[in-house]
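Chemist: The structure's right below; bear with me while I get my questions together.
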Amino acid sequence: MAVPGRQPANRGLVSRCTHHHVVVFLLTFFSYSLLHASRKTFSNVKVSISSQWTPSCLNSTTFELRPDELWNSNHLFPNAEEATLFLGTLDTIFLFSYAVGLFVSGIVGDRLNLRWVLSFGMCSSALVVFFFGTLTEWLHFYNKWFYCCLWVVNGLLQSTGWPCVVAVMGNWFGKAGRGFVFGLWSACASVGNILGAFLASCVLKYGYEYAFLVTASVQFAGGVIVFCGLLTSPKEVGLPELGADEEGSAEEDANRPLMGGDDADDDEGNYSIQAADTDSQPKAIGFFQACCLPGVVLYSLAYACLKLVNYSFFFWLPFYLSNNFGWKEAEADQLSIWYDVGGIIGGTIQGLISDVLQKRAPVLAISLLFAVGSLFGYSRSPNSKPINAVIMAITGFFIGGPSNMISSAISADLGRQDLVRGSSEALATVTGIVDGTGSIGAAVGQYLVSLIQENLGWMWVFYFFILMTSSTILFISPLIVREIRLLLHERRLRMLAE
């Protein structure tokens with residue numbers, strides 16, 4: 001007997017694709033890219049902010065102005081080391097509030113209109129970014145508590161983005177080819193990083209406040225476009241929703257190896273969270289029900305370790321290049337783009353491979369094993385921009401790729417597995433749980449990175465990254481073993497059928 005549902009399902013993906021799918025893909029892609037661009041701005045201007053927040057007499061990059069009491073009375077910190085530590089604290093504050101917001105936003109997104117939630121988060125976050133980076137500098141108002149409060153609010157508002165865009169994409173794109181589609185689509189975060197780095201480097205010579213101004217303005221405009229044009233599900237234009245009728249047995253077979261055991265057919269009727277004969281508008285599942293879905297906890301813990309590493313590169317890579325190699329800030333911003341380029345290519349290729357195998361965990365494991373080696377190699381990169389860029393792109397391929405896969409394709413798989421009967425009302429909640437747990441790990445990591453760097457140096461930071469990447473493999477090891485067994489079982493079935 002042959003293993004069903006592979007190539008027919010892929011052909012079905014193409015046949016069902018309409019111009020509405022293309023518009024949804026592009027709108028969700030660029031909406032989250034703009035959110036990430038505004039986050040990237042902060043990491044790209046850390047050197048300039050640190051210089052502004054410390055006395056000019058301790059900064060070689062600023063003019064020496066007299067009298068000192070007049071010109072340095074409004075600076076926040078006595079030296080650059082304390083300013084750097086506070087920047088790390090702001091990253092931690094943002095990620096903690098972002099993590100809390102993800103758990104809430106996922107639940108809210110499953111109960112309110114996804115378009116309203118997403119556009120509100122984009123526009124209001126843009127205003128907060130403008131207040132944080134532009135208005136305070138124009139008014140020469142510097143206050144640590146004010147910065148902290150703004151960054152808490154920004155984290156909560158930005159958390160509306162990812163659960164909503166993944167839920168919308170999950171509503172429009174089924175299991176067939178999801179690894180490739182979501183792998184390509186999840187490049188939105190990396191494209192946002194590249195866009196943010198490009199915009200910041202273009203206007204940084206006029207002052208860091210203009211970097212915040214440009215990205216906030218573009219993000220606000222994007223929120224307005226999303227509010228006017230995004231379709232959250234096919235039923236809004238009279239197309240059939242993704243479900244049992246259109247996905248069929250091929251979809252069920254495609255879901256089963258990832259989320260269920262060999263006897264999934266026998267048990268799914270007894271353990272279904274939503275009965276098949278419920279109302280046409282299924283109710284959203286609860287938070288704890290979503291946590292109990294197979295694979296959610298393991299992938300959430302794994303993503304906590306992996307997102308710590310990925311976001312450390314996101315927040316600290318330009319600063320590391322400037323601090324460790326003495327390169328100019330604008331040059332470091334532009335060079336850091338190569339990490340995101342590697343992540344884009346890695347997420348797309350690894351997603352395509354996982355579609356062919358119809359298994360995600362083994363692909364993740366192999367990539368993460370290579371990630372350990374690439375981290376060790378990058379920690380010993382010489383003071384050469386071309387060599388650094390190549391190793392950086394390789395590192396992004398093996399770290400950014402798996403991170404994109406877990407946060408997008410796998411989250412959509414988890415939210416549309418058999419136990420929820422394909423209900424879209426589980427997607428945002430599950431995505432919020434996975435990404436929220438990952439953000440908690442990333443939040444703790446940003447503070448640890450600043451402490452390790454200050455006390456032990458950058459080399460120990462990379463050792464810490466290697467430990468976290470290894471922990472990611474450890475958490476998904478039960479899933480790796482199960483899916484490898486299923487692959488071997490399917491191979492035996494194909495050999496018997498020949």
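Residue numbering restarts at 1 in every chain; chains get A, B, ... in the order shown in the structure tokens, and ligands count up from 1 in that same order.
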Excluding Ser470 of chain A and residues on its chain fewer than 5 positions from it, collect all residues at most 8 Å away from it, counting only C-alpha atoms, and give them as a VMD selection string.
Modeler: chain A and resid 368 to 369 372
Chemist: Please provide the set of residues having any atom within 9 Å of segment 196-198 of chain A, restricted to only C-alpha atoms, with same-chain residues fewer than 3 positions apart removed, written as JSON, numbers by chain.
Modeler: {"A": [33, 34, 36, 37, 38, 39, 40, 41, 43, 44, 191, 192, 193, 201, 202, 203, 211, 215, 330, 333, 334, 336, 337]}
Chemist: Work out how far atom CA of Met392 of chain A is from atom CA of Val47 of chain A, in Å to one decimal.
Modeler: 20.7 Å
Chemist: Just asking: which residues within segment 345-472 of chain A are alpha helix (DSSP H) according to DSSP, as a ChimeraX atom specification?
Modeler: /A:345-357,361-378,385-405,411-415,427-455,458-472
Chemist: For C-alpha atoms, I'd like the residues from the last selection saved as an mmCIF file, in the first residue's frame.
Modeler:
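Final output, part-v7.cif:
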```cif
data_model
loop_
_atom_site.group_PDB
_atom_site.id
_atom_site.type_symbol
_atom_site.label_atom_id
_atom_site.label_comp_id
_atom_site.auth_asym_id
_atom_site.auth_seq_id
_atom_site.Cartn_x
_atom_site.Cartn_y
_atom_site.Cartn_z
ATOM 1 C CA ILE A 345 16.685 30.845 2.731
ATOM 2 C CA GLY A 346 16.815 28.372 5.620
ATOM 3 C CA GLY A 347 13.138 28.679 6.512
ATOM 4 C CA THR A 348 12.027 28.194 2.897
ATOM 5 C CA ILE A 349 14.275 25.220 2.087
ATOM 6 C CA GLN A 350 13.705 23.448 5.394
ATOM 7 C CA GLY A 351 9.949 24.002 5.112
ATOM 8 C CA LEU A 352 9.974 22.450 1.627
ATOM 9 C CA ILE A 353 11.945 19.438 2.862
ATOM 10 C CA SER A 354 9.530 18.959 5.760
ATOM 11 C CA ASP A 355 6.645 18.993 3.260
ATOM 12 C CA VAL A 356 8.276 16.231 1.223
ATOM 13 C CA LEU A 357 8.875 14.129 4.335
ATOM 14 C CA ALA A 361 11.016 17.402 13.903
ATOM 15 C CA PRO A 362 13.790 15.465 12.063
ATOM 16 C CA VAL A 363 14.414 18.444 9.774
ATOM 17 C CA LEU A 364 14.644 20.724 12.797
ATOM 18 C CA ALA A 365 17.050 18.381 14.579
ATOM 19 C CA ILE A 366 19.494 18.150 11.663
ATOM 20 C CA SER A 367 19.466 21.924 11.177
ATOM 21 C CA LEU A 368 20.064 22.586 14.870
ATOM 22 C CA LEU A 369 23.000 20.174 14.965
ATOM 23 C CA PHE A 370 24.612 22.188 12.189
ATOM 24 C CA ALA A 371 23.661 25.361 14.091
ATOM 25 C CA VAL A 372 25.879 24.307 16.998
ATOM 26 C CA GLY A 373 28.866 24.068 14.647
ATOM 27 C CA SER A 374 28.072 27.360 12.927
ATOM 28 C CA LEU A 375 27.822 29.165 16.285
ATOM 29 C CA PHE A 376 31.218 27.828 17.298
ATOM 30 C CA GLY A 377 32.648 28.951 13.956
ATOM 31 C CA TYR A 378 31.096 32.408 14.106
ATOM 32 C CA LYS A 385 33.686 41.726 6.788
ATOM 33 C CA PRO A 386 33.319 39.276 3.851
ATOM 34 C CA ILE A 387 34.230 36.239 5.983
ATOM 35 C CA ASN A 388 32.031 37.470 8.824
ATOM 36 C CA ALA A 389 29.088 37.939 6.438
ATOM 37 C CA VAL A 390 29.418 34.397 5.023
ATOM 38 C CA ILE A 391 29.587 32.705 8.439
ATOM 39 C CA MET A 392 26.781 34.964 9.669
ATOM 40 C CA ALA A 393 24.527 33.886 6.782
ATOM 41 C CA ILE A 394 25.274 30.207 7.465
ATOM 42 C CA THR A 395 24.425 30.721 11.137
ATOM 43 C CA GLY A 396 21.170 32.440 10.166
ATOM 44 C CA PHE A 397 20.336 29.524 7.844
ATOM 45 C CA PHE A 398 20.594 26.930 10.618
ATOM 46 C CA ILE A 399 19.101 29.033 13.459
ATOM 47 C CA GLY A 400 16.664 31.407 11.773
ATOM 48 C CA GLY A 401 15.250 28.637 9.561
ATOM 49 C CA PRO A 402 14.111 26.354 12.428
ATOM 50 C CA SER A 403 12.903 29.364 14.402
ATOM 51 C CA ASN A 404 10.712 30.446 11.489
ATOM 52 C CA MET A 405 9.369 26.909 11.066
ATOM 53 C CA SER A 411 2.184 26.486 15.124
ATOM 54 C CA ALA A 412 -0.398 26.263 12.332
ATOM 55 C CA ASP A 413 -0.096 22.450 12.368
ATOM 56 C CA LEU A 414 -0.623 22.378 16.130
ATOM 57 C CA GLY A 415 -3.680 24.635 15.876
ATOM 58 C CA LEU A 427 -4.989 28.836 15.715
ATOM 59 C CA ALA A 428 -4.354 32.175 17.387
ATOM 60 C CA THR A 429 -4.483 30.667 20.888
ATOM 61 C CA VAL A 430 -1.947 27.926 20.083
ATOM 62 C CA THR A 431 0.290 30.380 18.233
ATOM 63 C CA GLY A 432 0.168 32.720 21.212
ATOM 64 C CA ILE A 433 1.177 29.908 23.570
ATOM 65 C CA VAL A 434 4.135 28.786 21.444
ATOM 66 C CA ASP A 435 5.397 32.278 20.670
ATOM 67 C CA GLY A 436 4.612 33.557 24.170
ATOM 68 C CA THR A 437 6.665 30.820 25.808
ATOM 69 C CA GLY A 438 9.436 31.507 23.315
ATOM 70 C CA SER A 439 9.357 35.197 24.167
ATOM 71 C CA ILE A 440 9.697 34.454 27.884
ATOM 72 C CA GLY A 441 12.883 32.523 27.119
ATOM 73 C CA ALA A 442 14.082 35.323 24.859
ATOM 74 C CA ALA A 443 13.330 37.923 27.536
ATOM 75 C CA VAL A 444 15.403 36.125 30.145
ATOM 76 C CA GLY A 445 18.134 35.631 27.582
ATOM 77 C CA GLN A 446 18.580 39.287 26.697
ATOM 78 C CA TYR A 447 19.373 40.208 30.286
ATOM 79 C CA LEU A 448 21.679 37.196 30.626
ATOM 80 C CA VAL A 449 23.505 38.168 27.436
ATOM 81 C CA SER A 450 24.279 41.630 28.798
ATOM 82 C CA LEU A 451 25.472 40.168 32.128
ATOM 83 C CA ILE A 452 27.613 37.445 30.522
ATOM 84 C CA GLN A 453 29.144 39.908 28.071
ATOM 85 C CA GLU A 454 29.978 42.411 30.776
ATOM 86 C CA ASN A 455 31.543 39.893 33.175
ATOM 87 C CA TRP A 458 31.574 37.707 24.053
ATOM 88 C CA MET A 459 33.096 34.229 23.755
ATOM 89 C CA TRP A 460 31.086 33.014 26.741
ATOM 90 C CA VAL A 461 27.956 34.513 25.185
ATOM 91 C CA PHE A 462 28.424 32.161 22.230
ATOM 92 C CA TYR A 463 28.970 29.211 24.571
ATOM 93 C CA PHE A 464 25.646 30.141 26.150
ATOM 94 C CA PHE A 465 24.015 30.129 22.691
ATOM 95 C CA ILE A 466 25.409 26.654 21.997
ATOM 96 C CA LEU A 467 23.934 25.401 25.281
ATOM 97 C CA MET A 468 20.491 26.799 24.435
ATOM 98 C CA THR A 469 20.551 25.352 20.915
ATOM 99 C CA SER A 470 21.421 21.938 22.339
ATOM 100 C CA SER A 471 18.544 22.275 24.801
ATOM 101 C CA THR A 472 16.178 22.891 21.884
#
```
